[in-house]
$ cat start-v7.txt   # compact mmCIF, C-alpha atoms
# COMPACT_ATOMS: atom_id res chain seq x y z
CA MET A 123 216.52 144.62 88.87
CA SER A 124 216.33 141.02 89.84
CA GLN A 125 214.88 140.26 93.23
CA PRO A 126 216.23 137.44 95.33
CA ARG A 127 213.50 134.98 96.04
CA LEU A 128 213.40 132.14 98.52
CA VAL A 129 212.18 128.78 97.36
CA GLU A 130 211.29 126.34 100.07
CA VAL A 131 212.88 122.92 99.88
CA ARG A 132 213.07 120.30 102.58
CA ARG A 133 216.16 118.19 102.38
CA ASN A 134 217.64 116.34 105.27
CA VAL A 135 221.34 116.33 104.43
CA LEU A 136 221.87 112.95 106.08
CA LYS A 137 218.78 111.38 104.56
CA GLN A 138 220.74 108.89 102.49
CA ASN A 139 222.51 107.62 105.59
CA ASP A 140 219.29 107.54 107.60
CA VAL A 141 217.49 105.53 104.92
CA ILE A 142 220.23 102.88 104.89
CA ALA A 143 220.36 102.87 108.69
CA ARG A 144 216.63 102.22 108.86
CA ALA A 145 216.95 99.35 106.41
CA LEU A 146 219.79 97.89 108.46
CA ARG A 147 217.80 98.17 111.68
CA GLU A 148 214.95 96.28 110.07
CA GLU A 149 217.36 93.63 108.82
CA PHE A 150 218.83 93.24 112.32
CA ARG A 151 215.38 92.94 113.82
CA ALA A 152 214.29 90.30 111.33
CA ALA A 153 217.49 88.30 111.90
CA GLY A 154 217.14 88.55 115.69
CA VAL A 155 220.61 89.96 116.16
CA PHE A 156 221.30 92.63 118.77
CA VAL A 157 223.65 95.30 117.49
CA VAL A 158 225.83 97.43 119.72
CA SER A 159 227.96 100.29 118.42
CA LEU A 160 230.92 101.52 120.40
CA VAL A 161 232.13 105.09 120.40
CA SER A 162 234.99 106.57 122.36
CA SER A 163 238.05 108.74 122.02
CA PRO A 164 241.26 107.18 120.74
CA GLY A 165 243.11 105.26 123.43
CA SER A 166 240.21 104.70 125.80
CA GLY A 167 240.67 100.95 125.60
CA LYS A 168 237.87 100.21 123.17
CA THR A 169 239.60 97.29 121.50
CA THR A 170 240.62 95.56 124.74
CA PHE A 171 237.11 96.09 126.06
CA LEU A 172 235.61 94.62 122.91
CA GLU A 173 238.02 91.69 122.88
CA LYS A 174 236.97 90.79 126.43
CA THR A 175 233.32 91.29 125.58
CA LEU A 176 233.54 88.91 122.60
CA THR A 177 235.54 86.32 124.52
CA GLN A 178 233.22 86.29 127.51
CA LEU A 179 229.98 86.24 125.53
CA GLN A 180 231.17 83.48 123.24
CA PRO A 181 230.47 80.41 125.32
CA ARG A 182 226.80 81.34 125.37
CA TYR A 183 226.27 83.43 122.26
CA ARG A 184 227.24 83.70 118.62
CA VAL A 185 229.07 87.00 118.35
CA ALA A 186 230.85 88.99 115.65
CA ALA A 187 232.39 92.41 115.22
CA LEU A 188 232.99 95.07 112.63
CA VAL A 189 235.88 97.39 113.38
CA GLY A 190 236.35 100.81 111.91
CA ASP A 191 239.90 102.06 111.77
CA LEU A 192 241.58 104.82 109.85
CA ALA A 193 244.51 103.03 108.33
CA THR A 194 245.65 99.90 110.10
CA GLU A 195 244.24 96.47 110.62
CA ASN A 196 245.79 96.14 114.06
CA ASP A 197 242.48 96.21 115.88
CA ALA A 198 241.01 93.44 113.76
CA VAL A 199 244.11 91.33 114.33
CA ARG A 200 243.81 91.83 118.09
CA LEU A 201 240.11 91.05 118.09
CA ALA A 202 240.63 87.93 116.01
CA ARG A 203 242.26 86.42 119.09
CA SER A 204 238.78 86.12 120.53
CA LYS A 205 238.05 83.61 117.71
CA ALA A 206 234.90 85.51 116.83
CA PRO A 207 234.36 86.57 113.20
CA VAL A 208 235.84 90.03 112.83
CA LYS A 209 235.89 92.28 109.84
CA GLN A 210 237.86 95.46 109.42
CA ILE A 211 236.40 98.55 107.80
CA THR A 212 239.34 100.73 106.87
CA THR A 213 237.95 104.21 106.52
CA GLY A 214 241.05 105.84 105.03
CA THR A 215 240.90 109.45 106.12
CA LEU A 216 237.24 109.34 107.08
CA CYS A 217 236.79 109.97 110.78
CA HIS A 218 233.60 108.00 111.32
CA LEU A 219 231.58 105.05 110.03
CA GLU A 220 228.52 105.54 107.87
CA ALA A 221 225.59 103.20 107.44
CA ALA A 222 226.58 102.31 103.86
CA MET A 223 229.98 101.08 105.07
CA VAL A 224 228.31 98.81 107.58
CA GLN A 225 225.93 97.53 104.94
CA ASN A 226 228.82 96.75 102.57
CA ALA A 227 230.83 95.03 105.26
CA LEU A 228 227.91 92.81 106.21
CA GLN A 229 227.21 91.54 102.71
CA GLU A 230 228.90 88.17 103.12
CA TRP A 231 227.62 87.53 106.61
CA ASP A 232 224.45 85.68 107.45
CA LEU A 233 222.98 87.74 110.27
CA HIS A 234 220.65 84.90 111.23
CA GLN A 235 223.72 83.04 112.49
CA LEU A 236 224.43 85.75 115.06
CA ASP A 237 223.14 86.79 118.46
CA PHE A 238 225.30 89.87 118.95
CA LEU A 239 227.04 92.11 116.47
CA PHE A 240 229.41 94.79 117.71
CA ILE A 241 230.40 97.76 115.60
CA GLU A 242 233.49 99.55 116.81
CA ASN A 243 233.48 103.06 115.44
CA VAL A 244 236.62 105.05 114.66
CA GLY A 245 238.12 106.50 117.85
CA ASN A 246 236.53 109.93 117.79
CA LEU A 247 233.99 111.63 120.04
CA VAL A 248 232.80 114.20 117.54
CA CYS A 249 232.04 112.94 114.07
CA PRO A 250 230.34 109.56 114.72
CA SER A 251 227.50 111.27 116.58
CA SER A 252 225.79 112.41 113.37
CA TYR A 253 225.57 108.99 111.76
CA ASP A 254 222.96 106.41 112.60
CA LEU A 255 224.33 102.93 111.85
CA GLY A 256 221.10 101.07 112.51
CA GLU A 257 222.40 99.88 115.87
CA ASN A 258 220.08 98.91 118.73
CA LEU A 259 222.35 100.33 121.38
CA ARG A 260 224.99 103.02 121.23
CA LEU A 261 227.58 102.52 123.92
CA VAL A 262 229.93 105.35 124.79
CA LEU A 263 233.15 104.37 126.49
CA MET A 264 235.39 106.60 128.55
CA SER A 265 238.35 105.56 130.64
CA VAL A 266 239.22 106.82 134.10
CA THR A 267 242.39 108.37 132.69
CA GLU A 268 240.46 110.77 130.49
CA GLY A 269 239.09 113.11 133.11
CA GLU A 270 235.70 113.28 134.74
CA ASP A 271 234.45 116.16 132.59
CA LYS A 272 234.79 114.37 129.25
CA PRO A 273 230.99 114.20 128.84
CA LEU A 274 230.74 117.97 129.27
CA LYS A 275 233.37 118.48 126.60
CA TYR A 276 231.60 116.17 124.15
CA PRO A 277 227.93 116.51 125.07
CA THR A 278 226.65 115.67 121.58
CA ILE A 279 228.00 112.14 121.52
CA PHE A 280 227.19 111.44 125.16
CA SER A 281 223.65 112.72 124.77
CA SER A 282 223.16 110.46 121.74
CA ALA A 283 224.32 107.34 123.59
CA ASP A 284 222.13 104.76 125.31
CA VAL A 285 224.59 103.46 127.85
CA ALA A 286 227.97 104.54 129.19
CA VAL A 287 230.93 102.44 130.26
CA VAL A 288 233.70 103.86 132.42
CA SER A 289 236.68 101.62 131.81
CA LYS A 290 240.21 101.01 133.10
CA ASN A 291 238.87 101.10 136.63
CA GLU A 292 242.03 99.32 137.81
CA LEU A 293 243.77 102.69 137.30
CA ALA A 294 241.16 104.77 139.10
CA GLU A 295 243.07 105.11 142.32
CA ALA A 296 246.38 105.93 140.66
CA VAL A 297 244.84 108.79 138.67
CA GLU A 298 242.62 109.92 141.58
CA PHE A 299 239.52 109.44 139.51
CA ASP A 300 236.48 111.13 141.03
CA TRP A 301 233.65 108.72 140.36
CA ASN A 302 230.91 111.03 141.63
CA ALA A 303 232.08 113.89 139.44
CA ALA A 304 232.15 111.61 136.40
CA ARG A 305 228.69 110.29 137.13
CA THR A 306 227.37 113.82 137.57
CA SER A 307 228.84 114.91 134.20
CA ILE A 308 227.33 111.92 132.41
CA GLN A 309 223.93 112.42 134.01
CA SER A 310 224.07 116.11 133.20
CA VAL A 311 224.17 115.53 129.44
CA ARG A 312 222.12 112.32 129.48
CA PRO A 313 219.82 112.10 132.50
CA GLY A 314 219.07 108.56 133.58
CA MET A 315 221.68 106.88 131.38
CA GLN A 316 222.87 103.58 132.80
CA ILE A 317 226.59 103.57 133.61
CA PHE A 318 228.87 100.56 134.04
CA ARG A 319 232.14 100.99 135.85
CA LEU A 320 234.51 98.20 135.03
CA SER A 321 237.96 96.96 134.23
CA ALA A 322 238.34 94.92 131.06
CA LYS A 323 241.81 94.01 132.23
CA THR A 324 240.94 92.50 135.61
CA GLY A 325 237.39 91.56 134.70
CA GLN A 326 235.93 93.53 137.60
CA GLY A 327 232.42 94.76 136.76
CA MET A 328 232.25 92.86 133.46
CA ASP A 329 229.54 90.46 134.64
CA GLU A 330 227.03 93.17 135.37
CA TYR A 331 227.57 94.69 131.94
CA LEU A 332 227.38 91.32 130.14
CA ASN A 333 224.18 90.43 131.98
CA PHE A 334 222.76 93.74 130.85
CA LEU A 335 223.54 92.84 127.23
CA SER A 336 221.93 89.40 127.60
CA GLN A 337 218.84 91.08 128.98
CA GLN A 338 218.76 93.50 126.05
CA LEU A 339 218.88 90.61 123.59
CA VAL A 340 215.98 88.89 125.31
CA GLU A 341 213.92 92.08 125.28
CA GLN A 342 214.69 92.85 121.66
CA ARG A 343 213.64 89.35 120.58
CA ALA A 344 210.48 89.55 122.65
CA ILE A 345 209.53 92.75 120.84
CA ALA A 346 210.46 91.30 117.45
CA HIS A 347 208.52 88.07 118.23
CA ILE A 348 211.44 85.83 117.42
CA MET B 73 236.41 116.56 110.90
CA HIS B 74 233.47 115.36 108.86
CA GLU B 75 232.19 118.77 107.81
CA LEU B 76 233.53 118.43 104.27
CA SER B 77 231.42 115.36 103.60
CA ILE B 78 228.44 117.12 105.17
CA ALA B 79 229.12 120.17 102.96
CA MET B 80 229.23 117.93 99.90
CA GLY B 81 225.89 116.49 100.94
CA ILE B 82 224.46 120.00 101.19
CA VAL B 83 225.80 120.92 97.75
CA ASP B 84 224.42 117.71 96.23
CA ALA B 85 220.99 118.31 97.71
CA ALA B 86 220.93 121.96 96.62
CA LEU B 87 222.13 121.14 93.10
CA GLU B 88 219.49 118.48 92.69
CA GLU B 89 216.72 120.81 93.84
CA SER B 90 217.94 123.71 91.70
CA GLN B 91 218.27 121.58 88.57
CA ARG B 92 214.83 120.17 89.08
CA ARG B 93 213.46 123.68 89.23
CA GLY B 94 215.77 125.14 86.59
CA VAL B 95 217.00 127.95 88.79
CA GLN B 96 220.33 129.54 89.60
CA VAL B 97 221.03 129.50 93.31
CA SER B 98 222.76 132.41 95.02
CA ALA B 99 222.42 131.13 98.58
CA VAL B 100 221.57 127.91 100.38
CA HIS B 101 219.71 128.18 103.67
CA LEU B 102 220.45 125.51 106.22
CA ARG B 103 218.95 124.67 109.59
CA LEU B 104 221.69 123.51 111.91
CA GLY B 105 220.80 122.01 115.27
CA ALA B 106 223.04 122.47 118.28
CA LEU B 107 223.10 118.66 118.59
CA SER B 108 223.79 117.96 114.92
CA GLY B 109 227.43 117.24 115.66
CA VAL B 110 228.53 119.75 113.04
CA VAL B 111 230.88 122.64 113.72
CA LYS B 112 229.59 125.74 111.97
CA ALA B 113 232.92 127.42 111.23
CA ALA B 114 234.32 124.23 109.73
CA LEU B 115 231.16 123.80 107.70
CA MET B 116 231.31 127.32 106.26
CA PHE B 117 234.89 126.74 105.23
CA SER B 118 234.11 123.34 103.74
CA TYR B 119 231.10 124.66 101.84
CA GLU B 120 233.27 126.88 99.69
CA ILE B 121 235.47 123.95 98.78
CA ALA B 122 232.50 121.70 98.10
CA CYS B 123 231.01 124.29 95.72
CA GLN B 124 234.09 124.51 93.54
CA ASP B 125 233.49 123.60 89.90
CA THR B 126 229.76 123.20 90.43
CA ALA B 127 226.84 125.45 89.50
CA LEU B 128 226.87 126.58 93.14
CA GLU B 129 230.32 128.11 92.96
CA GLY B 130 230.18 131.59 94.47
CA SER B 131 226.96 130.91 96.34
CA ARG B 132 226.58 131.59 100.05
CA LEU B 133 225.65 129.23 102.85
CA VAL B 134 223.25 130.87 105.28
CA VAL B 135 223.00 128.99 108.54
CA GLN B 136 220.04 129.23 110.87
CA ASP B 137 221.04 127.89 114.26
CA VAL B 138 218.47 125.72 115.96
CA PRO B 139 218.73 125.53 119.75
CA VAL B 140 217.96 122.34 121.61
CA MET B 141 214.32 122.14 122.65
CA VAL B 142 213.39 119.59 125.27
CA PHE B 143 210.03 118.61 126.62
CA CYS B 144 209.62 119.06 130.34
CA SER B 145 207.12 116.60 131.77
CA GLN B 146 206.63 118.76 134.85
CA CYS B 147 206.00 122.07 133.07
CA GLN B 148 204.19 120.18 130.29
CA ARG B 149 205.82 122.19 127.55
CA GLU B 150 208.86 122.55 125.35
CA GLN B 151 211.74 124.49 126.78
CA GLU B 152 214.92 125.78 125.20
CA LEU B 153 218.14 124.46 126.72
CA PRO B 154 220.52 127.31 127.51
CA SER B 155 223.43 124.86 127.39
CA VAL B 156 223.97 121.44 125.85
CA GLN B 157 225.97 120.54 128.95
CA LEU B 158 222.91 120.41 131.13
CA PHE B 159 219.83 118.51 130.03
CA ALA B 160 217.40 119.90 132.54
CA CYS B 161 214.38 122.16 132.32
CA PRO B 162 215.63 125.77 132.63
CA GLU B 163 212.49 126.68 134.52
CA CYS B 164 211.93 123.94 137.08
CA GLY B 165 215.28 122.13 136.90
CA LEU B 166 213.84 118.68 136.24
CA PRO B 167 216.33 116.55 134.25
CA THR B 168 215.00 115.56 130.84
CA ARG B 169 216.25 113.63 127.83
CA ASP B 170 213.18 114.18 125.72
CA VAL B 171 214.78 116.15 122.89
CA ARG B 172 212.25 117.64 120.49
CA ARG B 173 214.49 119.86 118.38
CA GLY B 174 218.18 120.49 117.89
CA LYS B 175 219.41 117.65 115.70
CA GLU B 176 218.48 119.35 112.43
CA LEU B 177 220.78 119.27 109.45
CA GLU B 178 218.41 120.38 106.79
CA VAL B 179 218.49 122.46 103.63
CA PHE B 180 215.21 124.34 103.95
CA ALA B 181 215.38 127.06 101.29
CA LEU B 182 217.25 128.16 98.21
CA GLU B 183 217.76 131.81 97.40
CA ILE B 184 217.44 132.37 93.68
CA GLN B 185 217.61 135.29 91.32
CA GLU B 186 214.18 135.89 89.79
CA GLU B 187 215.45 136.74 86.30
CA THR B 188 217.45 133.56 86.05
CA VAL B 189 214.40 131.34 86.25
CA GLN B 190 214.41 129.03 83.29
CA GLN B 191 212.05 126.34 82.26
CA PRO B 192 212.13 123.70 84.99
CA GLN B 193 213.20 120.24 83.87
CA GLU B 194 210.00 118.86 85.28
CA GLU B 195 207.05 120.18 87.17
CA GLY B 196 207.98 120.93 90.75
CA GLN B 197 205.58 121.80 93.52
CA GLU B 198 207.70 124.55 94.94
CA GLU B 199 206.25 126.95 97.39
CA GLU B 200 207.43 130.41 98.03
CA VAL B 201 208.47 131.30 101.50
CA PRO B 202 206.97 134.63 102.51
CA GLU B 203 209.72 137.01 103.47

$ encode --input "start-v7.txt" --output "structure tokens"
Amino acid sequence: MSQPRLVEVRRNVLKQNDVIARALREEFRAAGVFVVSLVSSPGSGKTTFLEKTLTQLQPRYRVAALVGDLATENDAVRLARSKAPVKQITTGTLCHLEAAMVQNALQEWDLHQLDFLFIENVGNLVCPSSYDLGENLRLVLMSVTEGEDKPLKYPTIFSSADVAVVSKNELAEAVEFDWNAARTSIQSVRPGMQIFRLSAKTGQGMDEYLNFLSQQLVEQRAIAHI
Amino acid sequence: MHELSIAMGIVDAALEESQRRGVQVSAVHLRLGALSGVVKAALMFSYEIACQDTALEGSRLVVQDVPVMVFCSQCQREQELPSVQLFACPECGLPTRDVRRGKELEVFALEIQEETVQQPQEEGQEEEVPE
């Protein structure tokens, strides 16, 4: 009779992605570019938010964006209105970005010419959480129309994020958005996470968030001695 | 759903390890953290598909769930989170984001049939896990 035997192996299934992500992070550090990835559910206003972010940072900073989308190039077209360099990563049926896709997309860009790089992930609150893209900051976006308990429904992605943005605040009153409940849900899955409440449409609250990004860039460069 | 690509990653890793050791695998043991972002049921389903037409066809995926362990600075020790919806020490209630375990997505053992052991392709430094 043959006996089953267990052989120990140690294989991180996402190792390949993690190795590339580490290399990217080092590349970003050396180039002095601050990289923000954006995750959210579909329809939370990610593209409008990013368009405004690019437009408003541009007078002072050199900015660019990579946009993940399943099939269309609509987002890239919209973002191009900001006049910042934008590149589309069409993922086909893949529901998330992986580090290798980011690496490929960046091949023709000179990162030293940038201050900020934004990576818009595919609209999805589940799959992107597993994949490190080498970013310095993972920003999770939820809109006031989505319900205050969104973070409790998707704790994995919220708990992996560094900062949260609650967007479409101009609609808060109409949808009877309970700000305290939302803040409690976010803090429950990610204690101490900084939250920005804003409206990309009216511009309300954008300054505080943009100042935060500027501060992050300064700190990152101080650490990297650039 | 990204479980199929994860399953393919598991199969690739297991195939590589089994070929290196020259063994036939009957089961792959995986550690799966509660914060790995992977849905177990979808993964089990995807594993079968990912195994098709490979040496792993017919093998089982055995999943060991890993709960989230956080470090509580007040209790000065690791504590298991009863729920991923509340990142606070279950004992003293202090909120914490110091996650020590729970993101695992790791193939940690291969179950092989003893009689199928062939000459390994190269010398491995495998260790047996005591059962």

$ closest_atom_pairs --input "start-v7.txt" --of "chain A" --to "chain B" --cutoff "9 Å" --atoms "only C-alpha atoms" --output "CSV"
residue,atom,partner,partner_atom,distance
A:Met123,CA,B:Glu187,CA,8.4
A:Ser124,CA,B:Glu186,CA,5.6
A:Gln125,CA,B:Glu186,CA,5.6
A:Pro126,CA,B:Gln185,CA,4.8
A:Arg127,CA,B:Ile184,CA,5.3
A:Leu128,CA,B:Glu183,CA,4.5
A:Val129,CA,B:Glu200,CA,5.1
A:Glu130,CA,B:Ala181,CA,4.3
A:Val131,CA,B:Phe180,CA,4.9
A:Arg132,CA,B:Phe180,CA,4.8
A:Arg133,CA,B:Val179,CA,5.0
A:Asn134,CA,B:Glu178,CA,4.4
A:Val135,CA,B:Glu178,CA,5.5
A:Leu136,CA,B:Leu177,CA,7.2
A:Leu216,CA,B:His74,CA,7.3
A:Cys217,CA,B:Met73,CA,6.6
A:His218,CA,B:His74,CA,7.8
A:Val248,CA,B:Gly109,CA,6.5
A:Cys249,CA,B:His74,CA,5.9
A:Pro250,CA,B:Gly109,CA,8.3
A:Ser251,CA,B:Gly109,CA,6.0
A:Ser252,CA,B:Gly109,CA,5.6
A:Pro273,CA,B:Gln157,CA,8.1
A:Leu274,CA,B:Gln157,CA,5.4
A:Lys275,CA,B:Gln157,CA,8.0
A:Tyr276,CA,B:Gln157,CA,8.6
A:Pro277,CA,B:Gln157,CA,5.9
A:Thr278,CA,B:Leu107,CA,5.5
A:Ile279,CA,B:Gly109,CA,7.8
A:Ser281,CA,B:Arg169,CA,8.1
A:Ser282,CA,B:Leu107,CA,8.8
A:Ser307,CA,B:Gln157,CA,8.2
A:Gln309,CA,B:Phe159,CA,8.4
A:Ser310,CA,B:Leu158,CA,4.9
A:Val311,CA,B:Phe159,CA,5.3
A:Arg312,CA,B:Arg169,CA,6.2
A:Pro313,CA,B:Pro167,CA,5.9
A:Gly314,CA,B:Arg169,CA,8.2

$ closest_atom_pairs --input "start-v7.txt" --of "segment 194-223 of chain A" --to "segment 138-150 of chain A" --cutoff "9 Å" --atoms "all atoms listed in the file" --output "CSV"
residue,atom,partner,partner_atom,distance
A:Glu220,CA,A:Asn139,CA,6.8
A:Ala221,CA,A:Ala143,CA,5.4
A:Ala222,CA,A:Ile142,CA,6.5

$ write_last_selection --input "start-v7.txt" --atoms "C-alpha atoms" --output "PDB file, in the frame of the given file"
ATOM      1  CA  GLU A 220     228.520 105.540 107.870  1.00  0.00           C
ATOM      2  CA  ALA A 221     225.590 103.200 107.440  1.00  0.00           C
ATOM      3  CA  ALA A 222     226.580 102.310 103.860  1.00  0.00           C
TER       4      ALA A 222
END

$ residues_near_point --input "start-v7.txt" --point "(214.6, 120.1, 122.9)" --cutoff "8 Å" --atoms "all atoms listed in the file" --output "list in words"
Pro139, Val140, Met141, Val142, Phe143, Glu150, Gln151, Glu152, Leu153, Asp170, Val171, Arg172, Arg173 and Gly174 of chain B

$ write_last_selection --input "start-v7.txt" --atoms "C-alpha atoms" --output "CSV table (one decimal), in the coordinates of the input"
chain,number,residue,atom,x,y,z
B,139,PRO,CA,218.7,125.5,119.8
B,140,VAL,CA,218.0,122.3,121.6
B,141,MET,CA,214.3,122.1,122.6
B,142,VAL,CA,213.4,119.6,125.3
B,143,PHE,CA,210.0,118.6,126.6
B,150,GLU,CA,208.9,122.6,125.4
B,151,GLN,CA,211.7,124.5,126.8
B,152,GLU,CA,214.9,125.8,125.2
B,153,LEU,CA,218.1,124.5,126.7
B,170,ASP,CA,213.2,114.2,125.7
B,171,VAL,CA,214.8,116.2,122.9
B,172,ARG,CA,212.2,117.6,120.5
B,173,ARG,CA,214.5,119.9,118.4
B,174,GLY,CA,218.2,120.5,117.9

$ atom_distance --input "start-v7.txt" --atom1 "atom CA of Val158 of chain A" --atom2 "atom CA of Cys144 of chain B"
29.0 Å

$ atom_distance --input "start-v7.txt" --atom1 "atom CA of Ile317 of chain A" --atom2 "atom CA of Val287 of chain A"
5.6 Å

$ residues_around --input "start-v7.txt" --residues "Met315 of chain A" --least-positions-apart "5" --cutoff "8 Å" --atoms "all atoms listed in the file" --output "list in words"
Asp284, Val285, Ala286, Ile308 and Gln309 of chain A

$ atom_distance --input "start-v7.txt" --atom1 "atom CA of Gln342 of chain A" --atom2 "atom CA of Ala283 of chain A"
17.5 Å

$ residues_around --input "start-v7.txt" --residues "Leu87 of chain B" --least-positions-apart "4" --cutoff "8 Å" --atoms "only C-alpha atoms" --output "PyMOL selection string"
chain B and resi 83+91+127-128

$ write_last_selection --input "start-v7.txt" --atoms "C-alpha atoms" --output "mmCIF file, in the coordinates of the input"
data_model
loop_
_atom_site.group_PDB
_atom_site.id
_atom_site.type_symbol
_atom_site.label_atom_id
_atom_site.label_comp_id
_atom_site.auth_asym_id
_atom_site.auth_seq_id
_atom_site.Cartn_x
_atom_site.Cartn_y
_atom_site.Cartn_z
ATOM 1 C CA VAL B 83 225.800 120.920 97.750
ATOM 2 C CA GLN B 91 218.270 121.580 88.570
ATOM 3 C CA ALA B 127 226.840 125.450 89.500
ATOM 4 C CA LEU B 128 226.870 126.580 93.140
#

$ residues_around --input "start-v7.txt" --residues "His234 of chain A" --least-positions-apart "2" --cutoff "12 Å" --atoms "all atoms listed in the file" --output "number ranges by chain"
A: 149-156, 184-186, 228, 231-232, 236-239, 348

$ decode --input "start-v7.txt" --residues "segment 153-169 of chain B" --atoms "N, CA and C atoms" --output "tab-separated table (two decimals), in the first residue's frame"
chain	number	residue	atom	x	y	z
B	153	LEU	N	-8.88	38.15	15.17
B	153	LEU	CA	-10.07	38.95	14.93
B	153	LEU	C	-11.26	38.03	14.69
B	154	PRO	N	-12.33	38.19	15.44
B	154	PRO	CA	-13.51	37.36	15.18
B	154	PRO	C	-14.20	37.75	13.89
B	155	SER	N	-14.01	39.00	13.46
B	155	SER	CA	-14.67	39.47	12.24
B	155	SER	C	-13.77	40.46	11.51
B	156	VAL	N	-13.74	40.35	10.18
B	156	VAL	CA	-12.92	41.30	9.42
B	156	VAL	C	-13.63	42.64	9.25
B	157	GLN	N	-14.80	42.76	9.87
B	157	GLN	CA	-15.51	44.03	9.80
B	157	GLN	C	-15.19	44.94	10.98
B	158	LEU	N	-14.42	44.40	11.90
B	158	LEU	CA	-14.08	45.21	13.07
B	158	LEU	C	-12.62	44.96	13.47
B	159	PHE	N	-11.78	45.93	13.14
B	159	PHE	CA	-10.36	45.81	13.45
B	159	PHE	C	-10.09	46.41	14.83
B	160	ALA	N	-10.45	45.62	15.83
B	160	ALA	CA	-10.23	46.03	17.21
B	160	ALA	C	-9.90	44.79	18.01
B	161	CYS	N	-9.13	44.99	19.07
B	161	CYS	CA	-8.74	43.86	19.93
B	161	CYS	C	-10.01	43.23	20.53
B	162	PRO	N	-10.20	41.91	20.36
B	162	PRO	CA	-11.40	41.28	20.90
B	162	PRO	C	-11.42	41.28	22.43
B	163	GLU	N	-10.26	41.51	23.04
B	163	GLU	CA	-10.22	41.45	24.49
B	163	GLU	C	-10.47	42.82	25.12
B	164	CYS	N	-9.68	43.82	24.66
B	164	CYS	CA	-9.80	45.12	25.32
B	164	CYS	C	-10.52	46.16	24.46
B	165	GLY	N	-10.77	45.82	23.18
B	165	GLY	CA	-11.54	46.72	22.33
B	165	GLY	C	-10.74	47.83	21.66
B	166	LEU	N	-9.45	47.89	21.91
B	166	LEU	CA	-8.64	48.95	21.30
B	166	LEU	C	-8.54	48.74	19.79
B	167	PRO	N	-8.88	49.78	18.99
B	167	PRO	CA	-8.75	49.63	17.54
B	167	PRO	C	-7.29	49.38	17.15
B	168	THR	N	-7.09	48.52	16.17
B	168	THR	CA	-5.73	48.26	15.72
B	168	THR	C	-5.71	47.97	14.23
B	169	ARG	N	-4.63	48.40	13.57
B	169	ARG	CA	-4.48	48.07	12.15
B	169	ARG	C	-3.17	47.34	11.93
